[in-house]
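Single-structure report; data block below.
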Amino acid sequence: MEEAAAQNGSAGPGASSPPARPPATPEGMALAYGSLVLMALLPIFFGALRSVSCAKSKNSSEMPETITSRDAARFPIVASCTLLGLYLFFKIFSQEYINLLLSMYFFVLGILALSHTISPMMNRFFPANFPNKQYQLLFTQGSGESKEEIVNYEFDTKDLVCLALSSVVGVWYLLRKHWIANNLFGLAFSLNGVELLHLNNVSTGCILLGGLFIYDVFWVFGTNVMVTVAKSFEAPIKLVFPQDLLEKGLEADNFAMLGLGDIVIPGIFIALLLRFDISLKKNTHTYFYTSFVAYIFGLGLTIFIMHIFKHAQPALLYLVPACIGFPLLVALAKGEVTEMFSYESSAEILPHTPRLTHFPTVSGSPASLADSMQQKLSCPRRRRQQSPSAM
């Protein structure tokens, strides 16, 4: 994941080549860092809230992806290979062509992510008599008994309107690479990540955060790989805010930045603690608020250390101990450590949401499931309401 960094002179990994930038003013730095903290908190807070309703959703297009302990253990290795691969690509091939391909890729992903993010909010602005029609996108592979469902996505006219609005932002980003368009996509990616990526238990969260803690420290302090990729990679995988906004306005170009991984990875752990709070049925969100405050503390400490030492910092070096340690201390004080580590998030998802591994027991075979869905296109949601009970 990308480190928190400042692009002012030689202070951070985003430092420009000569001529050197003028140093940022204290006011500009305070505005930039404060804005980054606020932008990091928004997707974590709202993504955690949406993860609760996502776990109970009956719509397969909104079904969360559960991260197991095996996934968590492999993730730092996969991330390291990906990071090193990008580094080698930037060293061997032309940076312009690579960023062109990446821009097109994130253009499509960004539009879809932003559309999914704004859809619940936009629904409030549509009039009651809006002609809203339901659609279903269904792709299958093979025929007869070997037919398998590849894509099954339900949407309506309101979703198409959100997609059109998001496409405007996408074109803006593709043509201008403006930092506001970058941040809109970055916030959408972060919120969707926190909402749709679910840790199955606290132990898995500790494995994931611990592994990425080592990953972040090694690639920032041990090599120049992450710094090089961060400077070369032109994609909305980080939030940025100009430190010279007060002087240059919207055309400012001296950025401080925060990688999306430093938002999403702690964010999915905080969302897990919110679902744990709800499972206790005590009408309190103690662990959620504790971890949320811990994240603010860890991020603030990252910015402080970076400012003091004038060097890029691996944010997870400070975020991981805070986000794990604070809730654990609260659990020790309340005598709920056993309940915390025995909580299984997936156990709450199963009664409400169909799982891919259980599809054969619902209809006998993937082929019969596809045939049944084709016969009931007029009422696809009723089919999903029946499938959990069959499990």
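Naming works like this for the structure tokens: A, B, ... for the chains as they're shown, residue 1 at the start of each chain, ligands 1 onward in shown order.
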Item to check | Per-residue DSSP, stretch 173-370 of chain A, filtered to helix (DSSP H, G or I), as a PyMOL selection string | outcome: chain A and resi 173-176+179-196+202-222+225-232+245-251+261-280+286-309+316-334+337-342+345-349+356-363+366-370
Next on the checklist: Residues within 7 Å of stretch 231-245 of chain A, please, as a PyMOL selection string. Count only C-alpha atoms; anything in the same chain fewer than 6 positions from it doesn't count.
Outcome noted: chain A and resi 13-14+24+28-29+32+36+99+102-103+106+179+182-183+185-186+252-260
Next on the checklist: At a cut-off of 7 Å, using only C-alpha atoms, what residues contact A:Ala271? Leave out same-chain residues fewer than 2 positions from it and give the result as a ChimeraX atom specification.
Outcome noted: /A:48,51,194,267-269,273-275
May I have the selected residues written with N, CA and C atoms, as an mmCIF file, in the first residue's frame?
```
data_model
loop_
_atom_site.group_PDB
_atom_site.id
_atom_site.type_symbol
_atom_site.label_atom_id
_atom_site.label_comp_id
_atom_site.auth_asym_id
_atom_site.auth_seq_id
_atom_site.Cartn_x
_atom_site.Cartn_y
_atom_site.Cartn_z
ATOM 1 N N ALA A 48 -18.275 1.615 6.622
ATOM 2 C CA ALA A 48 -18.576 0.681 7.712
ATOM 3 C C ALA A 48 -20.081 0.566 7.927
ATOM 4 N N SER A 51 -21.515 -1.429 5.210
ATOM 5 C CA SER A 51 -21.139 -2.839 5.254
ATOM 6 C C SER A 51 -22.142 -3.656 6.066
ATOM 7 N N VAL A 194 -14.321 -0.708 1.708
ATOM 8 C CA VAL A 194 -14.733 -0.908 3.104
ATOM 9 C C VAL A 194 -16.108 -1.574 3.173
ATOM 10 N N GLY A 267 -9.809 0.274 7.377
ATOM 11 C CA GLY A 267 -11.249 0.500 7.301
ATOM 12 C C GLY A 267 -12.060 -0.772 7.375
ATOM 13 N N ILE A 268 -11.607 -1.851 6.725
ATOM 14 C CA ILE A 268 -12.375 -3.095 6.774
ATOM 15 C C ILE A 268 -12.292 -3.730 8.169
ATOM 16 N N PHE A 269 -11.208 -3.455 8.883
ATOM 17 C CA PHE A 269 -11.103 -3.950 10.263
ATOM 18 C C PHE A 269 -12.047 -3.165 11.173
ATOM 19 N N LEU A 273 -15.430 -4.460 13.372
ATOM 20 C CA LEU A 273 -15.719 -4.173 14.781
ATOM 21 C C LEU A 273 -17.100 -3.543 14.941
ATOM 22 N N LEU A 274 -17.555 -2.791 13.944
ATOM 23 C CA LEU A 274 -18.919 -2.269 14.002
ATOM 24 C C LEU A 274 -19.925 -3.410 13.957
ATOM 25 N N ARG A 275 -19.706 -4.379 13.071
ATOM 26 C CA ARG A 275 -20.618 -5.525 13.009
ATOM 27 C C ARG A 275 -20.536 -6.359 14.286
#
```
Item to check | Neighbour list for A:Pro327 as an MDAnalysis selection string, cut-off 7 Å, only C-alpha atoms, skip fewer than 6 positions in-chain | outcome: chainID A and resid 287 290:291
Take the residues just selected and output them with N, CA, C and O atoms as an mmCIF file, in the first residue's frame.
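For reference, again-v7.cif as written:
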```cif
data_model
loop_
_atom_site.group_PDB
_atom_site.id
_atom_site.type_symbol
_atom_site.label_atom_id
_atom_site.label_comp_id
_atom_site.auth_asym_id
_atom_site.auth_seq_id
_atom_site.Cartn_x
_atom_site.Cartn_y
_atom_site.Cartn_z
ATOM 1 N N TYR A 287 -16.624 -0.499 20.317
ATOM 2 C CA TYR A 287 -15.422 -0.925 19.605
ATOM 3 C C TYR A 287 -15.259 -0.179 18.288
ATOM 4 O O TYR A 287 -14.131 0.104 17.863
ATOM 5 N N THR A 290 -14.015 3.298 19.249
ATOM 6 C CA THR A 290 -12.646 3.187 19.758
ATOM 7 C C THR A 290 -11.651 3.016 18.616
ATOM 8 O O THR A 290 -10.613 3.699 18.569
ATOM 9 N N SER A 291 -11.955 2.122 17.686
ATOM 10 C CA SER A 291 -11.058 1.909 16.552
ATOM 11 C C SER A 291 -11.045 3.115 15.622
ATOM 12 O O SER A 291 -10.010 3.421 15.011
#
```
Next on the checklist: Just want the 8 Å neighbourhood of A:Asn192, counted on only C-alpha atoms, with same-chain residues fewer than 6 positions away dropped. Output as a PyMOL selection string.
Outcome noted: chain A and resi 47+113+116-117
Same residues, all heavy atoms, saved as a compact mmCIF listing (two decimals), in the first residue's frame:
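Dumped everything to out.txt:
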```
# COMPACT_ATOMS: atom_id res chain seq x y z
N GLY A 47 -18.54 3.75 4.83
CA GLY A 47 -18.36 2.40 4.31
C GLY A 47 -18.66 1.35 5.36
O GLY A 47 -19.24 0.30 5.06
N ALA A 113 -17.42 2.33 -9.76
CA ALA A 113 -17.33 2.53 -8.30
C ALA A 113 -18.07 3.79 -7.87
O ALA A 113 -18.79 3.79 -6.87
CB ALA A 113 -15.87 2.59 -7.87
N HIS A 116 -21.86 3.28 -8.06
CA HIS A 116 -22.36 2.49 -6.93
C HIS A 116 -22.36 3.30 -5.64
O HIS A 116 -23.23 3.12 -4.78
CB HIS A 116 -21.48 1.24 -6.76
CG HIS A 116 -21.89 0.35 -5.63
ND1 HIS A 116 -21.34 0.44 -4.37
CD2 HIS A 116 -22.82 -0.63 -5.55
CE1 HIS A 116 -21.90 -0.46 -3.58
NE2 HIS A 116 -22.80 -1.12 -4.28
N THR A 117 -21.41 4.24 -5.51
CA THR A 117 -21.31 5.05 -4.30
C THR A 117 -22.44 6.07 -4.20
O THR A 117 -23.04 6.25 -3.14
CB THR A 117 -19.95 5.77 -4.27
OG1 THR A 117 -18.89 4.80 -4.27
CG2 THR A 117 -19.84 6.65 -3.03
```
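Using only C-alpha atoms, the nearest neighbour of A:Leu114 within the list A:Thr25, A:Gly144, A:Leu165, A:Pro314 is A:Leu165.
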Excluding stretch 213-224 of chain A and residues on its chain fewer than 6 positions from it, collect all residues at most 12 Å away from it, counting only C-alpha atoms, and give them as a tab-separated table (two decimals) with N, CA and C atoms, in the first residue's frame.
```tsv
chain	number	residue	atom	x	y	z
A	1	MET	N	0.81	-1.17	0.00
A	1	MET	CA	0.00	0.00	0.00
A	1	MET	C	0.84	1.22	0.00
A	2	GLU	N	0.26	2.31	-0.42
A	2	GLU	CA	1.06	3.49	-0.59
A	2	GLU	C	1.18	4.25	0.70
A	3	GLU	N	2.32	4.84	0.89
A	3	GLU	CA	2.62	5.55	2.12
A	3	GLU	C	2.04	6.95	2.11
A	4	ALA	N	1.87	7.53	3.31
A	4	ALA	CA	1.53	8.94	3.39
A	4	ALA	C	2.76	9.72	2.99
A	5	ALA	N	2.59	10.73	2.17
A	5	ALA	CA	3.76	11.45	1.69
A	5	ALA	C	3.43	12.88	1.39
A	12	GLY	N	9.35	14.56	0.57
A	12	GLY	CA	8.60	13.31	0.43
A	12	GLY	C	8.88	12.65	-0.90
A	13	PRO	N	8.23	11.50	-1.12
A	13	PRO	CA	8.48	10.75	-2.33
A	13	PRO	C	7.95	11.41	-3.57
A	73	ALA	N	-3.27	-14.18	4.85
A	73	ALA	CA	-1.86	-14.57	4.91
A	73	ALA	C	-1.18	-14.42	3.54
A	74	ARG	N	-1.93	-14.65	2.47
A	74	ARG	CA	-1.35	-14.57	1.13
A	74	ARG	C	-1.31	-13.14	0.60
A	75	PHE	N	-2.13	-12.26	1.14
A	75	PHE	CA	-2.28	-10.93	0.57
A	75	PHE	C	-0.97	-10.14	0.52
A	76	PRO	N	-0.16	-10.09	1.60
A	76	PRO	CA	1.10	-9.34	1.51
A	76	PRO	C	2.03	-9.87	0.43
A	77	ILE	N	2.03	-11.19	0.20
A	77	ILE	CA	2.88	-11.76	-0.83
A	77	ILE	C	2.40	-11.33	-2.22
A	78	VAL	N	1.08	-11.42	-2.42
A	78	VAL	CA	0.51	-11.00	-3.70
A	78	VAL	C	0.75	-9.51	-3.94
A	79	ALA	N	0.56	-8.71	-2.89
A	79	ALA	CA	0.77	-7.27	-3.01
A	79	ALA	C	2.23	-6.96	-3.33
A	80	SER	N	3.15	-7.68	-2.72
A	80	SER	CA	4.58	-7.47	-2.97
A	80	SER	C	4.93	-7.81	-4.42
A	81	CYS	N	4.41	-8.91	-4.91
A	81	CYS	CA	4.66	-9.30	-6.30
A	81	CYS	C	4.09	-8.27	-7.27
A	83	LEU	N	3.52	-5.04	-6.64
A	83	LEU	CA	4.31	-3.81	-6.51
A	83	LEU	C	5.63	-3.94	-7.25
A	84	LEU	N	6.32	-5.06	-7.07
A	84	LEU	CA	7.59	-5.26	-7.75
A	84	LEU	C	7.40	-5.36	-9.26
A	87	TYR	N	7.00	-1.91	-10.58
A	87	TYR	CA	8.31	-1.25	-10.55
A	87	TYR	C	9.14	-1.65	-11.77
A	205	GLY	N	-8.39	-10.39	10.69
A	205	GLY	CA	-8.03	-8.98	10.61
A	205	GLY	C	-6.63	-8.73	11.16
A	206	CYS	N	-6.29	-9.39	12.26
A	206	CYS	CA	-4.95	-9.23	12.85
A	206	CYS	C	-3.88	-9.80	11.92
A	207	ILE	N	-4.17	-10.92	11.27
A	207	ILE	CA	-3.22	-11.51	10.33
A	207	ILE	C	-3.00	-10.57	9.14
A	230	ALA	N	5.02	5.07	-6.53
A	230	ALA	CA	4.09	6.13	-6.12
A	230	ALA	C	4.25	7.38	-6.98
A	231	LYS	N	5.49	7.69	-7.36
A	231	LYS	CA	5.73	8.87	-8.18
A	231	LYS	C	5.37	8.64	-9.65
A	259	GLY	N	-2.14	7.01	0.40
A	259	GLY	CA	-2.53	5.86	-0.39
A	259	GLY	C	-3.87	5.28	0.06
A	261	GLY	N	-4.72	2.24	0.20
A	261	GLY	CA	-4.54	1.07	1.06
A	261	GLY	C	-4.48	1.44	2.53
A	262	ASP	N	-3.99	2.63	2.83
A	262	ASP	CA	-3.93	3.09	4.22
A	262	ASP	C	-5.30	3.52	4.74
A	265	ILE	N	-7.54	-0.86	4.22
A	265	ILE	CA	-7.12	-1.97	5.07
A	265	ILE	C	-7.53	-1.75	6.53
A	266	PRO	N	-7.20	-0.61	7.15
A	266	PRO	CA	-7.75	-0.38	8.49
A	266	PRO	C	-9.26	-0.25	8.49
A	311	HIS	N	10.54	12.74	5.65
A	311	HIS	CA	10.71	11.51	4.88
A	311	HIS	C	9.38	10.78	4.81
A	312	ALA	N	9.14	10.13	3.67
A	312	ALA	CA	7.91	9.36	3.52
A	312	ALA	C	7.80	8.32	4.62
A	313	GLN	N	6.59	8.15	5.13
A	313	GLN	CA	6.34	7.22	6.23
A	313	GLN	C	5.35	6.13	5.82
A	314	PRO	N	5.63	4.88	6.20
A	314	PRO	CA	4.62	3.82	5.98
A	314	PRO	C	3.50	4.00	7.01
A	315	ALA	N	2.36	4.44	6.55
A	315	ALA	CA	1.28	4.80	7.48
A	315	ALA	C	0.85	3.62	8.35
A	316	LEU	N	0.91	2.41	7.80
A	316	LEU	CA	0.49	1.24	8.60
A	316	LEU	C	1.42	0.98	9.78
A	317	LEU	N	2.61	1.53	9.76
A	317	LEU	CA	3.52	1.41	10.90
A	317	LEU	C	2.88	1.99	12.15
A	318	TYR	N	2.05	3.00	11.98
A	318	TYR	CA	1.39	3.65	13.11
A	318	TYR	C	-0.08	3.27	13.21
A	319	LEU	N	-0.71	2.99	12.07
A	319	LEU	CA	-2.14	2.68	12.08
A	319	LEU	C	-2.44	1.30	12.64
A	320	VAL	N	-1.62	0.31	12.29
A	320	VAL	CA	-1.90	-1.06	12.72
A	320	VAL	C	-1.85	-1.22	14.24
A	321	PRO	N	-0.77	-0.77	14.92
A	321	PRO	CA	-0.79	-0.90	16.39
A	321	PRO	C	-1.94	-0.15	17.05
A	322	ALA	N	-2.29	1.01	16.49
A	322	ALA	CA	-3.38	1.79	17.08
A	322	ALA	C	-4.73	1.10	16.88
A	323	CYS	N	-5.00	0.66	15.63
A	323	CYS	CA	-6.32	0.10	15.33
A	323	CYS	C	-6.55	-1.26	15.97
A	324	ILE	N	-5.48	-2.01	16.22
A	324	ILE	CA	-5.61	-3.30	16.91
A	324	ILE	C	-5.50	-3.12	18.41
```
Item to check | Given only C-alpha atoms as the counted atoms, nearest of A:Glu336, A:Leu246, A:Asp71, A:Asp156 to A:Pro26 | outcome: A:Leu246
Checklist entry - Between atom CA of A:Leu174 and atom CA of A:Leu101, what is the spacing in Å? => result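 Straight-line distance from atom CA of A:Leu101 to atom CA of A:Leu174 works out to 11.2 Å.
Our summary of the geometry notes that atom CA of A:Cys54 is positioned 17.1 Å from atom CA of A:Leu112.
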Next on the checklist: Let me make sure I understand: among A:Thr286, A:Ile263, A:Met226, A:Val168, which one has the smallest atom-to-atom distance to A:Gly85 if we use only C-alpha atoms?
Outcome noted: A:Met226
Checklist entry - atom CA of A:Lys281 and atom CA of A:Pro120, how far apart in Å? => result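 Going from atom CA of A:Pro120 over to atom CA of A:Lys281, I get 26.4 Å.
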